[in-house]
file input01.pdb (PDB, C-alpha atoms)
MODEL        1
ATOM      1  CA  MET A  23     155.814 121.552 -30.695
ATOM      2  CA  SER A  24     157.928 122.679 -27.714
ATOM      3  CA  LEU A  25     157.370 126.334 -28.574
ATOM      4  CA  ALA A  26     153.622 125.731 -28.885
ATOM      5  CA  VAL A  27     153.501 124.291 -25.354
ATOM      6  CA  ILE A  28     155.469 127.264 -23.983
ATOM      7  CA  LEU A  29     153.133 129.734 -25.712
ATOM      8  CA  ASP A  30     150.092 127.921 -24.345
ATOM      9  CA  LEU A  31     151.465 128.010 -20.796
ATOM     10  CA  LEU A  32     152.393 131.696 -21.032
ATOM     11  CA  ILE A  33     149.680 133.198 -23.244
ATOM     12  CA  GLY A  34     146.862 130.703 -23.673
ATOM     13  CA  ASP A  35     143.989 131.585 -26.008
ATOM     14  CA  PRO A  36     143.429 135.352 -26.388
ATOM     15  CA  LYS A  37     139.652 135.882 -26.304
ATOM     16  CA  SER A  38     139.911 138.651 -28.896
ATOM     17  CA  LEU A  39     141.055 136.167 -31.572
ATOM     18  CA  PRO A  40     138.841 133.560 -33.257
ATOM     19  CA  HIS A  41     139.429 129.982 -32.113
ATOM     20  CA  PRO A  42     139.418 126.971 -34.488
ATOM     21  CA  VAL A  43     136.978 125.129 -32.195
ATOM     22  CA  GLN A  44     134.441 127.943 -32.670
ATOM     23  CA  LEU A  45     134.461 127.382 -36.421
ATOM     24  CA  MET A  46     134.184 123.628 -35.883
ATOM     25  CA  GLY A  47     131.167 124.302 -33.684
ATOM     26  CA  VAL A  48     129.467 126.368 -36.404
ATOM     27  CA  VAL A  49     129.963 123.575 -38.959
ATOM     28  CA  ILE A  50     128.757 120.910 -36.506
ATOM     29  CA  SER A  51     125.616 122.920 -35.667
ATOM     30  CA  PHE A  52     124.789 123.411 -39.346
ATOM     31  CA  LEU A  53     125.301 119.738 -40.190
ATOM     32  CA  ARG A  54     123.287 118.691 -37.134
ATOM     33  CA  ARG A  55     120.277 120.737 -38.241
ATOM     34  CA  LEU A  56     120.611 119.362 -41.752
ATOM     35  CA  ALA A  57     120.867 115.742 -40.569
ATOM     36  CA  GLU A  58     117.919 116.080 -38.180
ATOM     37  CA  SER A  59     115.724 117.674 -40.851
ATOM     38  CA  ILE A  60     116.442 114.809 -43.252
ATOM     39  CA  ALA A  61     116.315 111.919 -40.761
ATOM     40  CA  ASN A  62     113.400 113.147 -38.604
ATOM     41  CA  GLU A  63     112.922 110.397 -36.005
ATOM     42  CA  ASN A  64     114.452 107.553 -38.035
ATOM     43  CA  LYS A  65     117.220 106.026 -35.891
ATOM     44  CA  SER A  66     119.121 104.467 -38.795
ATOM     45  CA  LYS A  67     119.145 107.737 -40.742
ATOM     46  CA  LEU A  68     120.258 109.630 -37.641
ATOM     47  CA  TYR A  69     123.108 107.177 -37.141
ATOM     48  CA  ILE A  70     124.183 107.497 -40.800
ATOM     49  CA  GLY A  71     123.821 111.270 -40.571
ATOM     50  CA  GLY A  72     126.074 111.312 -37.511
ATOM     51  CA  LEU A  73     128.630 109.168 -39.319
ATOM     52  CA  ILE A  74     128.651 111.505 -42.335
ATOM     53  CA  LEU A  75     128.775 114.573 -40.078
ATOM     54  CA  THR A  76     131.795 113.159 -38.237
ATOM     55  CA  LEU A  77     133.615 112.315 -41.467
ATOM     56  CA  ILE A  78     132.973 115.783 -42.925
ATOM     57  CA  VAL A  79     134.068 117.722 -39.828
ATOM     58  CA  LEU A  80     137.183 115.586 -39.320
ATOM     59  CA  SER A  81     138.115 115.833 -43.003
ATOM     60  CA  LEU A  82     137.676 119.623 -43.090
ATOM     61  CA  SER A  83     139.625 120.062 -39.857
ATOM     62  CA  GLY A  84     142.468 117.783 -40.918
ATOM     63  CA  LEU A  85     142.637 119.330 -44.396
ATOM     64  CA  SER A  86     142.681 122.873 -42.966
ATOM     65  CA  GLY A  87     145.536 121.926 -40.654
ATOM     66  CA  TRP A  88     147.410 120.225 -43.480
ATOM     67  CA  LEU A  89     147.077 123.292 -45.750
ATOM     68  CA  LEU A  90     148.363 125.586 -43.001
ATOM     69  CA  GLU A  91     151.292 123.206 -42.571
ATOM     70  CA  ARG A  92     152.054 123.565 -46.289
ATOM     71  CA  LEU A  93     152.137 127.363 -45.872
ATOM     72  CA  PHE A  94     154.390 127.056 -42.832
ATOM     73  CA  LEU A  95     156.847 124.759 -44.631
ATOM     74  CA  PHE A  96     156.868 127.088 -47.663
ATOM     75  CA  TYR A  97     157.481 130.304 -45.720
ATOM     76  CA  LYS A  98     159.895 128.650 -43.290
ATOM     77  CA  VAL A  99     162.497 128.765 -46.057
ATOM     78  CA  LYS A 100     162.004 132.535 -46.547
ATOM     79  CA  ASN A 101     161.456 133.629 -42.941
ATOM     80  CA  PRO A 102     162.141 130.780 -40.491
ATOM     81  CA  ILE A 103     161.713 132.783 -37.269
ATOM     82  CA  LEU A 104     158.411 134.508 -38.096
ATOM     83  CA  SER A 105     156.859 131.443 -39.736
ATOM     84  CA  THR A 106     157.852 129.217 -36.787
ATOM     85  CA  LEU A 107     156.367 131.675 -34.286
ATOM     86  CA  CYS A 108     153.093 131.930 -36.222
ATOM     87  CA  PHE A 109     152.836 128.163 -36.634
ATOM     88  CA  ALA A 110     153.586 127.556 -32.948
ATOM     89  CA  PHE A 111     150.933 130.112 -31.956
ATOM     90  CA  ILE A 112     148.307 128.408 -34.122
ATOM     91  CA  LEU A 113     149.381 124.998 -32.815
ATOM     92  CA  SER A 114     149.129 126.197 -29.205
ATOM     93  CA  SER A 115     145.396 126.852 -29.722
ATOM     94  CA  SER A 116     144.878 123.082 -29.535
ATOM     95  CA  LEU A 117     146.153 123.000 -25.948
ATOM     96  CA  ALA A 118     144.220 124.198 -22.903
ATOM     97  CA  SER A 119     146.805 124.442 -20.109
ATOM     98  CA  ARG A 120     146.489 128.126 -19.332
ATOM     99  CA  SER A 121     142.743 128.382 -19.942
ATOM    100  CA  LEU A 122     142.050 125.390 -17.679
ATOM    101  CA  ASN A 123     144.305 126.738 -14.927
ATOM    102  CA  LYS A 124     142.784 130.204 -15.186
ATOM    103  CA  SER A 125     139.210 128.900 -14.979
ATOM    104  CA  ILE A 126     139.916 126.694 -11.959
ATOM    105  CA  LEU A 127     141.980 129.339 -10.145
ATOM    106  CA  GLU A 128     139.183 131.898 -10.520
ATOM    107  CA  ILE A 129     136.916 129.507  -8.611
ATOM    108  CA  LEU A 130     139.553 128.804  -5.964
ATOM    109  CA  ASN A 131     140.172 132.524  -5.432
ATOM    110  CA  LEU A 132     136.465 133.080  -4.762
ATOM    111  CA  LEU A 133     136.475 130.141  -2.348
ATOM    112  CA  ARG A 134     139.368 131.704  -0.418
ATOM    113  CA  ASN A 135     137.120 134.554   0.718
ATOM    114  CA  LYS A 136     136.136 134.510   4.380
ATOM    115  CA  ASN A 137     132.485 133.960   3.477
ATOM    116  CA  PRO A 138     132.432 131.914   0.243
ATOM    117  CA  GLU A 139     128.753 131.172   0.842
ATOM    118  CA  ASN A 140     128.056 134.782  -0.164
ATOM    119  CA  ASN A 141     129.628 134.070  -3.560
ATOM    120  CA  LEU A 142     127.770 130.835  -4.254
ATOM    121  CA  SER A 143     125.825 132.164  -7.231
ATOM    122  CA  ASN A 144     129.027 133.520  -8.812
ATOM    123  CA  LEU A 145     130.899 130.294  -8.012
ATOM    124  CA  ARG A 146     128.188 128.167  -9.579
ATOM    125  CA  GLN A 147     128.077 130.366 -12.672
ATOM    126  CA  LYS A 148     131.847 130.104 -13.215
ATOM    127  CA  LEU A 149     131.781 126.360 -12.557
ATOM    128  CA  SER A 150     128.968 125.852 -15.088
ATOM    129  CA  LEU A 151     131.330 127.070 -17.826
ATOM    130  CA  ILE A 152     133.710 124.135 -17.351
ATOM    131  CA  VAL A 153     131.529 121.224 -16.152
ATOM    132  CA  GLY A 154     128.597 119.333 -17.635
ATOM    133  CA  ARG A 155     126.816 118.559 -14.355
ATOM    134  CA  ASP A 156     124.004 120.617 -12.845
ATOM    135  CA  VAL A 157     125.474 123.232 -10.505
ATOM    136  CA  GLU A 158     122.382 125.029  -9.141
ATOM    137  CA  ASN A 159     122.359 123.233  -5.773
ATOM    138  CA  LEU A 160     126.070 122.614  -5.192
ATOM    139  CA  ASP A 161     127.594 123.765  -1.902
ATOM    140  CA  THR A 162     131.256 124.738  -1.487
ATOM    141  CA  ASN A 163     132.404 121.151  -0.840
ATOM    142  CA  GLU A 164     130.685 119.918  -3.992
ATOM    143  CA  ILE A 165     132.081 122.849  -5.986
ATOM    144  CA  LEU A 166     135.565 121.819  -4.873
ATOM    145  CA  ARG A 167     134.895 118.190  -5.820
ATOM    146  CA  ALA A 168     133.610 119.255  -9.234
ATOM    147  CA  SER A 169     136.697 121.455  -9.691
ATOM    148  CA  ALA A 170     139.024 118.582  -8.791
ATOM    149  CA  GLU A 171     137.268 116.157 -11.129
ATOM    150  CA  THR A 172     137.100 118.531 -14.085
ATOM    151  CA  ALA A 173     140.742 119.578 -13.569
ATOM    152  CA  SER A 174     141.707 115.892 -13.769
ATOM    153  CA  GLU A 175     139.526 114.907 -16.701
ATOM    154  CA  ASN A 176     140.085 118.081 -18.718
ATOM    155  CA  SER A 177     143.842 117.815 -18.243
ATOM    156  CA  VAL A 178     143.715 114.628 -20.274
ATOM    157  CA  ASP A 179     141.108 115.808 -22.802
ATOM    158  CA  GLY A 180     142.467 119.335 -23.197
ATOM    159  CA  ILE A 181     146.220 118.897 -22.751
ATOM    160  CA  PHE A 182     147.613 115.390 -22.948
ATOM    161  CA  ALA A 183     145.409 113.936 -25.687
ATOM    162  CA  PRO A 184     146.069 116.793 -28.169
ATOM    163  CA  LEU A 185     149.744 116.790 -27.148
ATOM    164  CA  PHE A 186     149.904 113.067 -27.915
ATOM    165  CA  TRP A 187     148.399 113.565 -31.387
ATOM    166  CA  MET A 188     150.749 116.478 -32.061
ATOM    167  CA  PHE A 189     153.593 114.111 -31.266
ATOM    168  CA  ILE A 190     152.180 111.514 -33.682
ATOM    169  CA  GLY A 191     151.999 114.181 -36.392
ATOM    170  CA  THR A 192     155.586 115.206 -35.648
ATOM    171  CA  ILE A 193     156.663 111.578 -36.020
ATOM    172  CA  PHE A 194     154.873 111.444 -39.382
ATOM    173  CA  TRP A 195     156.901 114.474 -40.490
ATOM    174  CA  GLU A 196     160.148 112.759 -39.556
ATOM    175  CA  PHE A 197     159.456 110.231 -42.303
ATOM    176  CA  ASN A 198     157.599 112.346 -44.881
ATOM    177  CA  LEU A 199     156.770 116.063 -44.793
ATOM    178  CA  SER A 200     153.840 115.486 -47.154
ATOM    179  CA  THR A 201     151.909 113.562 -44.509
ATOM    180  CA  PRO A 202     149.584 115.208 -41.949
ATOM    181  CA  GLY A 203     151.748 116.859 -39.313
ATOM    182  CA  PRO A 204     151.209 118.056 -35.735
ATOM    183  CA  LEU A 205     148.598 120.707 -36.566
ATOM    184  CA  ALA A 206     146.521 118.440 -38.810
ATOM    185  CA  MET A 207     146.526 115.637 -36.234
ATOM    186  CA  ALA A 208     145.744 118.034 -33.371
ATOM    187  CA  TRP A 209     142.809 119.540 -35.270
ATOM    188  CA  ILE A 210     141.473 116.101 -36.147
ATOM    189  CA  PHE A 211     141.467 115.298 -32.447
ATOM    190  CA  LYS A 212     139.888 118.652 -31.525
ATOM    191  CA  ALA A 213     137.183 118.016 -34.116
ATOM    192  CA  SER A 214     136.307 114.653 -32.568
ATOM    193  CA  SER A 215     136.359 116.198 -29.089
ATOM    194  CA  THR A 216     134.087 119.059 -30.170
ATOM    195  CA  ILE A 217     131.615 116.685 -31.803
ATOM    196  CA  ASP A 218     131.521 114.646 -28.605
ATOM    197  CA  SER A 219     130.991 117.716 -26.393
ATOM    198  CA  MET A 220     128.179 119.018 -28.631
ATOM    199  CA  LEU A 221     126.450 115.804 -29.696
ATOM    200  CA  GLY A 222     127.747 113.035 -27.429
ATOM    201  CA  TYR A 223     124.658 112.655 -25.258
ATOM    202  CA  LYS A 224     122.522 109.600 -24.632
ATOM    203  CA  ASP A 225     119.129 111.238 -24.892
ATOM    204  CA  GLY A 226     116.765 112.022 -27.762
ATOM    205  CA  LYS A 227     118.094 112.147 -31.297
ATOM    206  CA  LEU A 228     121.652 112.707 -30.084
ATOM    207  CA  LYS A 229     121.808 109.120 -28.837
ATOM    208  CA  TRP A 230     122.095 108.129 -32.501
ATOM    209  CA  LEU A 231     123.359 111.290 -34.173
ATOM    210  CA  GLY A 232     126.286 111.687 -31.767
ATOM    211  CA  PHE A 233     127.156 107.997 -31.467
ATOM    212  CA  THR A 234     130.020 107.942 -34.005
ATOM    213  CA  GLY A 235     131.628 111.148 -32.725
ATOM    214  CA  ALA A 236     131.446 110.004 -29.102
ATOM    215  CA  LYS A 237     133.001 106.620 -29.861
ATOM    216  CA  LEU A 238     135.735 108.201 -31.971
ATOM    217  CA  ASP A 239     136.586 110.629 -29.173
ATOM    218  CA  ASP A 240     136.779 107.710 -26.714
ATOM    219  CA  LEU A 241     139.131 105.939 -29.122
ATOM    220  CA  MET A 242     141.395 108.975 -29.603
ATOM    221  CA  VAL A 243     141.686 109.587 -25.838
ATOM    222  CA  TRP A 244     142.135 105.890 -24.969
ATOM    223  CA  ILE A 245     145.918 105.722 -25.447
ATOM    224  CA  PRO A 246     146.775 109.181 -23.987
ATOM    225  CA  SER A 247     144.722 108.512 -20.845
ATOM    226  CA  ARG A 248     146.591 105.246 -20.228
ATOM    227  CA  ILE A 249     149.954 106.940 -20.763
ATOM    228  CA  VAL A 250     148.933 109.552 -18.174
ATOM    229  CA  LEU A 251     148.019 106.676 -15.830
ATOM    230  CA  ILE A 252     151.527 105.236 -16.163
ATOM    231  CA  THR A 253     153.552 108.475 -16.167
ATOM    232  CA  LEU A 254     151.848 110.792 -13.653
ATOM    233  CA  PRO A 255     153.103 108.924 -10.524
ATOM    234  CA  PHE A 256     156.661 109.745 -11.600
ATOM    235  CA  CYS A 257     155.844 113.465 -11.216
ATOM    236  CA  CYS A 258     154.798 113.256  -7.572
ATOM    237  CA  LYS A 259     155.567 111.449  -4.340
ATOM    238  CA  PRO A 260     152.632 109.047  -4.049
ATOM    239  CA  LYS A 261     151.702 107.565  -0.702
ATOM    240  CA  HIS A 262     152.062 104.085  -2.175
ATOM    241  CA  SER A 263     154.691 102.755  -4.549
ATOM    242  CA  ILE A 264     154.391 103.770  -8.184
ATOM    243  CA  LEU A 265     153.161 100.303  -9.210
ATOM    244  CA  LYS A 266     150.567 100.197  -6.430
ATOM    245  CA  THR A 267     149.397 103.723  -7.280
ATOM    246  CA  ILE A 268     148.876 102.692 -10.895
ATOM    247  CA  ARG A 269     147.121  99.480  -9.879
ATOM    248  CA  TYR A 270     144.795 101.180  -7.376
ATOM    249  CA  SER A 271     143.987 103.927  -9.877
ATOM    250  CA  TRP A 272     143.180 101.385 -12.566
ATOM    251  CA  LYS A 273     140.934  99.404 -10.217
ATOM    252  CA  ASP A 274     138.964 102.500  -9.153
ATOM    253  CA  GLY A 275     138.925 104.188 -12.560
ATOM    254  CA  ILE A 276     137.830 101.198 -14.638
ATOM    255  CA  ALA A 277     134.596 101.004 -12.622
ATOM    256  CA  ASP A 278     133.444 104.248 -14.263
ATOM    257  CA  SER A 279     131.076 103.952 -17.235
ATOM    258  CA  SER A 280     133.444 106.092 -19.316
ATOM    259  CA  PRO A 281     136.492 104.209 -20.656
ATOM    260  CA  ASN A 282     138.719 107.250 -20.120
ATOM    261  CA  SER A 283     137.395 109.814 -17.625
ATOM    262  CA  GLY A 284     137.419 107.352 -14.703
ATOM    263  CA  ILE A 285     141.060 106.455 -15.401
ATOM    264  CA  SER A 286     141.990 110.138 -15.713
ATOM    265  CA  GLU A 287     140.284 111.128 -12.462
ATOM    266  CA  ALA A 288     141.622 108.135 -10.550
ATOM    267  CA  ILE A 289     145.312 108.664 -11.247
ATOM    268  CA  PHE A 290     145.083 112.356 -10.359
ATOM    269  CA  ALA A 291     143.076 111.463  -7.240
ATOM    270  CA  TYR A 292     145.744 109.071  -5.977
ATOM    271  CA  CYS A 293     148.642 111.356  -6.883
ATOM    272  CA  ALA A 294     147.000 114.451  -5.348
ATOM    273  CA  GLU A 295     145.607 112.368  -2.461
ATOM    274  CA  VAL A 296     141.995 113.509  -2.826
ATOM    275  CA  ARG A 297     138.718 111.595  -2.904
ATOM    276  CA  MET A 298     136.527 111.891  -6.014
ATOM    277  CA  GLY A 299     133.223 110.507  -7.251
ATOM    278  CA  GLY A 300     129.735 110.517  -5.791
ATOM    279  CA  LEU A 301     126.296 111.848  -6.679
ATOM    280  CA  ASN A 302     125.926 114.162  -9.675
ATOM    281  CA  TYR A 303     122.921 115.452 -11.612
ATOM    282  CA  TYR A 304     122.948 115.965 -15.371
ATOM    283  CA  LYS A 305     119.926 117.853 -16.723
ATOM    284  CA  GLY A 306     118.034 116.798 -13.623
ATOM    285  CA  VAL A 307     118.910 113.111 -13.969
ATOM    286  CA  LYS A 308     120.695 111.464 -11.029
ATOM    287  CA  ASN A 309     124.039 109.839 -11.763
ATOM    288  CA  ILE A 310     126.071 108.102  -9.046
ATOM    289  CA  LYS A 311     129.747 107.803  -9.982
ATOM    290  CA  PRO A 312     131.976 105.258  -8.218
ATOM    291  CA  ILE A 313     134.004 106.609  -5.297
ATOM    292  CA  ILE A 314     137.672 106.995  -6.209
ATOM    293  CA  ALA A 315     140.498 106.983  -3.642
ATOM    294  CA  LYS A 316     137.971 106.718  -0.806
ATOM    295  CA  SER A 317     140.677 106.542   1.884
ATOM    296  CA  TYR A 318     141.754 110.121   1.094
ATOM    297  CA  PRO A 319     140.090 113.356   2.297
ATOM    298  CA  ILE A 320     137.516 115.275   0.256
ATOM    299  CA  ALA A 321     138.660 117.963  -2.159
ATOM    300  CA  SER A 322     140.161 121.161  -0.765
ATOM    301  CA  ILE A 323     141.665 124.274  -2.299
ATOM    302  CA  ASN A 324     145.163 122.835  -1.813
ATOM    303  CA  SER A 325     144.347 119.469  -3.384
ATOM    304  CA  VAL A 326     142.794 121.121  -6.452
ATOM    305  CA  LYS A 327     145.876 123.333  -6.823
ATOM    306  CA  LYS A 328     148.033 120.218  -6.514
ATOM    307  CA  ILE A 329     146.155 118.645  -9.446
ATOM    308  CA  LEU A 330     146.860 121.732 -11.567
ATOM    309  CA  ASN A 331     150.544 121.684 -10.602
ATOM    310  CA  LEU A 332     150.823 117.964 -11.349
ATOM    311  CA  SER A 333     149.336 118.568 -14.771
ATOM    312  CA  ILE A 334     151.957 121.209 -15.606
ATOM    313  CA  ARG A 335     154.778 118.961 -14.345
ATOM    314  CA  LEU A 336     153.569 116.057 -16.442
ATOM    315  CA  GLU A 337     153.181 118.245 -19.526
ATOM    316  CA  ILE A 338     156.813 119.332 -19.236
ATOM    317  CA  ALA A 339     157.895 115.714 -18.636
ATOM    318  CA  TRP A 340     156.014 114.550 -21.733
ATOM    319  CA  LEU A 341     157.609 117.288 -23.790
ATOM    320  CA  LEU A 342     161.087 116.230 -22.693
ATOM    321  CA  CYS A 343     160.354 112.567 -23.431
ATOM    322  CA  PHE A 344     158.909 113.383 -26.855
ATOM    323  CA  SER A 345     161.986 115.475 -27.685
ATOM    324  CA  ILE A 346     164.282 112.594 -26.748
ATOM    325  CA  ILE A 347     162.252 110.144 -28.866
ATOM    326  CA  ILE A 348     162.322 112.461 -31.891
ATOM    327  CA  LYS A 349     166.077 112.984 -31.524
ATOM    328  CA  TYR A 350     166.552 109.204 -31.329
ATOM    329  CA  ILE A 351     164.581 108.766 -34.560
ATOM    330  CA  ASN A 352     166.850 111.325 -36.261
ATOM    331  CA  LEU A 353     170.029 109.405 -35.324
TER
ENDMDL
END
call {"tool": "encode", "arguments": {"input": "input01.pdb", "output": "structure tokens"}}
result
Amino acid sequence: MSLAVILDLLIGDPKSLPHPVQLMGVVISFLRRLAESIANENKSKLYIGGLILTLIVLSLSGLSGWLLERLFLFYKVKNPILSTLCFAFILSSSLASRSLNKSILEILNLLRNKNPENNLSNLRQKLSLIVGRDVENLDTNEILRASAETASENSVDGIFAPLFWMFIGTIFWEFNLSTPGPLAMAWIFKASSTIDSMLGYKDGKLKWLGFTGAKLDDLMVWIPSRIVLITLPFCCKPKHSILKTIRYSWKDGIADSSPNSGISEAIFAYCAEVRMGGLNYYKGVKNIKPIIAKSYPIASINSVKKILNLSIRLEIAWLLCFSIIIKYINL
């Protein structure tokens, strides 16, 4: 697991290689079309179809990870170095540290230009690749706010949640190598996350078809997001005490309609000392999110970079803590 984190930080996901999430997306799209053709407009059938779709995608993802783990454990005996490197590389595909940092930094570099207004169309296009909100009318201040919020939320969804489930899989292996390990658990999480990102909307047929996947993703991120809430203040020098920072973040974050994204944004907002929340549009529909850390200034290039740096610090801290826990179990 440690090697996988290092590879993700250094290499990330090479675009020339196929990504497991892409295959998950193909399966989800096929099953969605099949479910919609059978259910038509029937809400109950759409709900059942979404439940079956979720079970199939999670089962296939977990089984694929488990089978690759069997190959790794088999070849580890014959060639421990090569098999460990290959397994760590595959495992690192479940983490998004480098890809998230690269995407955000590309936006920040464009904003550093003397006349960022001249790059607005390019900025909006790059931002649209990593956020769900409408970006057509965003100015530079709103682009920075969107960057800060997505850096916070995606750090939890793309780094700490899969890292948590890898750790759970590693714990399983400490007791029985036949159980699902870090790759199987990580791919199960990525499957739920992909279903949520593709189907987890509250409009049309997806309100019913994506219900199970969205709720499962909320459940799988629930614990990691709260651990981030508790641990992130130890990686910075917050303006308030650690306990007050956690309490203020909880109070602001819990007001969000999402059980996890508000918490994730709030703790990063207080630790990076940046205000978040406000008016967003999603597919033309107005959505007003609660203001988080309203006593702090609006997002800037430096505050967004601070969020990225905090994320890397916390990832390393988690890795050290997980290693200590695993060593303690082995005693």
call {"tool": "atom_distance", "arguments": {"input": "input01.pdb", "atom1": "CA of Arg297 in chain A", "atom2": "CA of Ser177 in chain A"}}
result
17.3 Å
call {"tool": "residues_near_point", "arguments": {"input": "input01.pdb", "point": "(131.7, 113.7, -32.2)", "cutoff": "7 Å", "atoms": "all atoms listed in the file", "output": "list in words"}}
result
Thr76, Ser214, Ser215, Thr216, Ile217, Asp218, Leu221, Gly222, Gly232, Thr234, Gly235, Ala236, Leu238 and Asp239 of chain A
call {"tool": "resolve_selection", "arguments": {"input": "input01.pdb", "expression": "the PyMOL selection byres ((chain A and resi 108-123) around 7)", "output": "PyMOL selection string"}}
result
chain A and resi 23+25-27+29-31+34-35+94+104-107+124-127+180-181+184+205+208+212+330
call {"tool": "residues_around", "arguments": {"input": "input01.pdb", "residues": "Leu231 in chain A", "least_positions_apart": "3", "cutoff": "10 Å", "atoms": "only C-alpha atoms", "output": "ChimeraX atom specification"}}
result
/A:54,57-58,61,65-76,221-224,226-228,234-236
call {"tool": "write_last_selection", "arguments": {"input": "input01.pdb", "atoms": "C-alpha atoms", "output": "CSV table (one decimal), in the coordinates of the input"}}
result
chain,number,residue,atom,x,y,z
A,54,ARG,CA,123.3,118.7,-37.1
A,57,ALA,CA,120.9,115.7,-40.6
A,58,GLU,CA,117.9,116.1,-38.2
A,61,ALA,CA,116.3,111.9,-40.8
A,65,LYS,CA,117.2,106.0,-35.9
A,66,SER,CA,119.1,104.5,-38.8
A,67,LYS,CA,119.1,107.7,-40.7
A,68,LEU,CA,120.3,109.6,-37.6
A,69,TYR,CA,123.1,107.2,-37.1
A,70,ILE,CA,124.2,107.5,-40.8
A,71,GLY,CA,123.8,111.3,-40.6
A,72,GLY,CA,126.1,111.3,-37.5
A,73,LEU,CA,128.6,109.2,-39.3
A,74,ILE,CA,128.7,111.5,-42.3
A,75,LEU,CA,128.8,114.6,-40.1
A,76,THR,CA,131.8,113.2,-38.2
A,221,LEU,CA,126.4,115.8,-29.7
A,222,GLY,CA,127.7,113.0,-27.4
A,223,TYR,CA,124.7,112.7,-25.3
A,224,LYS,CA,122.5,109.6,-24.6
A,226,GLY,CA,116.8,112.0,-27.8
A,227,LYS,CA,118.1,112.1,-31.3
A,228,LEU,CA,121.7,112.7,-30.1
A,234,THR,CA,130.0,107.9,-34.0
A,235,GLY,CA,131.6,111.1,-32.7
A,236,ALA,CA,131.4,110.0,-29.1
call {"tool": "residues_around", "arguments": {"input": "input01.pdb", "residues": "Asp156 in chain A", "least_positions_apart": "3", "cutoff": "9 Å", "atoms": "all atoms listed in the file", "output": "number ranges by chain"}}
result
A: 150, 153, 159-160, 302-306
call {"tool": "residues_around", "arguments": {"input": "input01.pdb", "residues": "Gly275 in chain A", "least_positions_apart": "5", "cutoff": "8 Å", "atoms": "all atoms listed in the file", "output": "PyMOL selection string"}}
result
chain A and resi 283-289+314
call {"tool": "write_last_selection", "arguments": {"input": "input01.pdb", "atoms": "C-alpha atoms", "output": "mmCIF file, keeping the file's coordinate frame"}}
result
data_model
loop_
_atom_site.group_PDB
_atom_site.id
_atom_site.type_symbol
_atom_site.label_atom_id
_atom_site.label_comp_id
_atom_site.auth_asym_id
_atom_site.auth_seq_id
_atom_site.Cartn_x
_atom_site.Cartn_y
_atom_site.Cartn_z
ATOM 1 C CA SER A 283 137.395 109.814 -17.625
ATOM 2 C CA GLY A 284 137.419 107.352 -14.703
ATOM 3 C CA ILE A 285 141.060 106.455 -15.401
ATOM 4 C CA SER A 286 141.990 110.138 -15.713
ATOM 5 C CA GLU A 287 140.284 111.128 -12.462
ATOM 6 C CA ALA A 288 141.622 108.135 -10.550
ATOM 7 C CA ILE A 289 145.312 108.664 -11.247
ATOM 8 C CA ILE A 314 137.672 106.995 -6.209
#
call {"tool": "residues_around", "arguments": {"input": "input01.pdb", "residues": "Leu80 in chain A", "least_positions_apart": "3", "cutoff": "7 Å", "atoms": "all atoms listed in the file", "output": "list in words"}}
result
Thr76, Leu77, Ser83, Gly84, Ile210, Ala213 and Ser214 of chain A
call {"tool": "atom_distance", "arguments": {"input": "input01.pdb", "atom1": "CA of Arg248 in chain A", "atom2": "CA of Asp179 in chain A"}}
result
12.2 Å
call {"tool": "decode", "arguments": {"input": "input01.pdb", "residues": "range 128-148 of chain A", "atoms": "C-alpha atoms", "output": "JSON list (two decimals), in the first residue's frame"}}
result
[["chain", "number", "residue", "atom", "x", "y", "z"],
["A", 128, "GLU", "CA", -3.01, 23.83, -14.62],
["A", 129, "ILE", "CA", -5.86, 26.19, -13.71],
["A", 130, "LEU", "CA", -3.75, 28.09, -11.19],
["A", 131, "ASN", "CA", -0.93, 28.54, -13.72],
["A", 132, "LEU", "CA", -3.36, 30.10, -16.20],
["A", 133, "LEU", "CA", -4.68, 32.38, -13.45],
["A", 134, "ARG", "CA", -1.13, 33.58, -12.71],
["A", 135, "ASN", "CA", -0.96, 35.28, -16.11],
["A", 136, "LYS", "CA", -1.08, 39.07, -16.04],
["A", 137, "ASN", "CA", -4.42, 39.08, -17.87],
["A", 138, "PRO", "CA", -6.28, 35.92, -16.79],
["A", 139, "GLU", "CA", -9.48, 37.38, -18.23],
["A", 140, "ASN", "CA", -8.03, 36.65, -21.68],
["A", 141, "ASN", "CA", -7.86, 32.96, -20.75],
["A", 142, "LEU", "CA", -11.38, 32.67, -19.36],
["A", 143, "SER", "CA", -12.64, 30.29, -22.03],
["A", 144, "ASN", "CA", -9.62, 28.00, -21.52],
["A", 145, "LEU", "CA", -9.96, 28.25, -17.73],
["A", 146, "ARG", "CA", -13.63, 27.35, -17.85],
["A", 147, "GLN", "CA", -12.97, 24.43, -20.18],
["A", 148, "LYS", "CA", -10.29, 22.97, -17.87]]
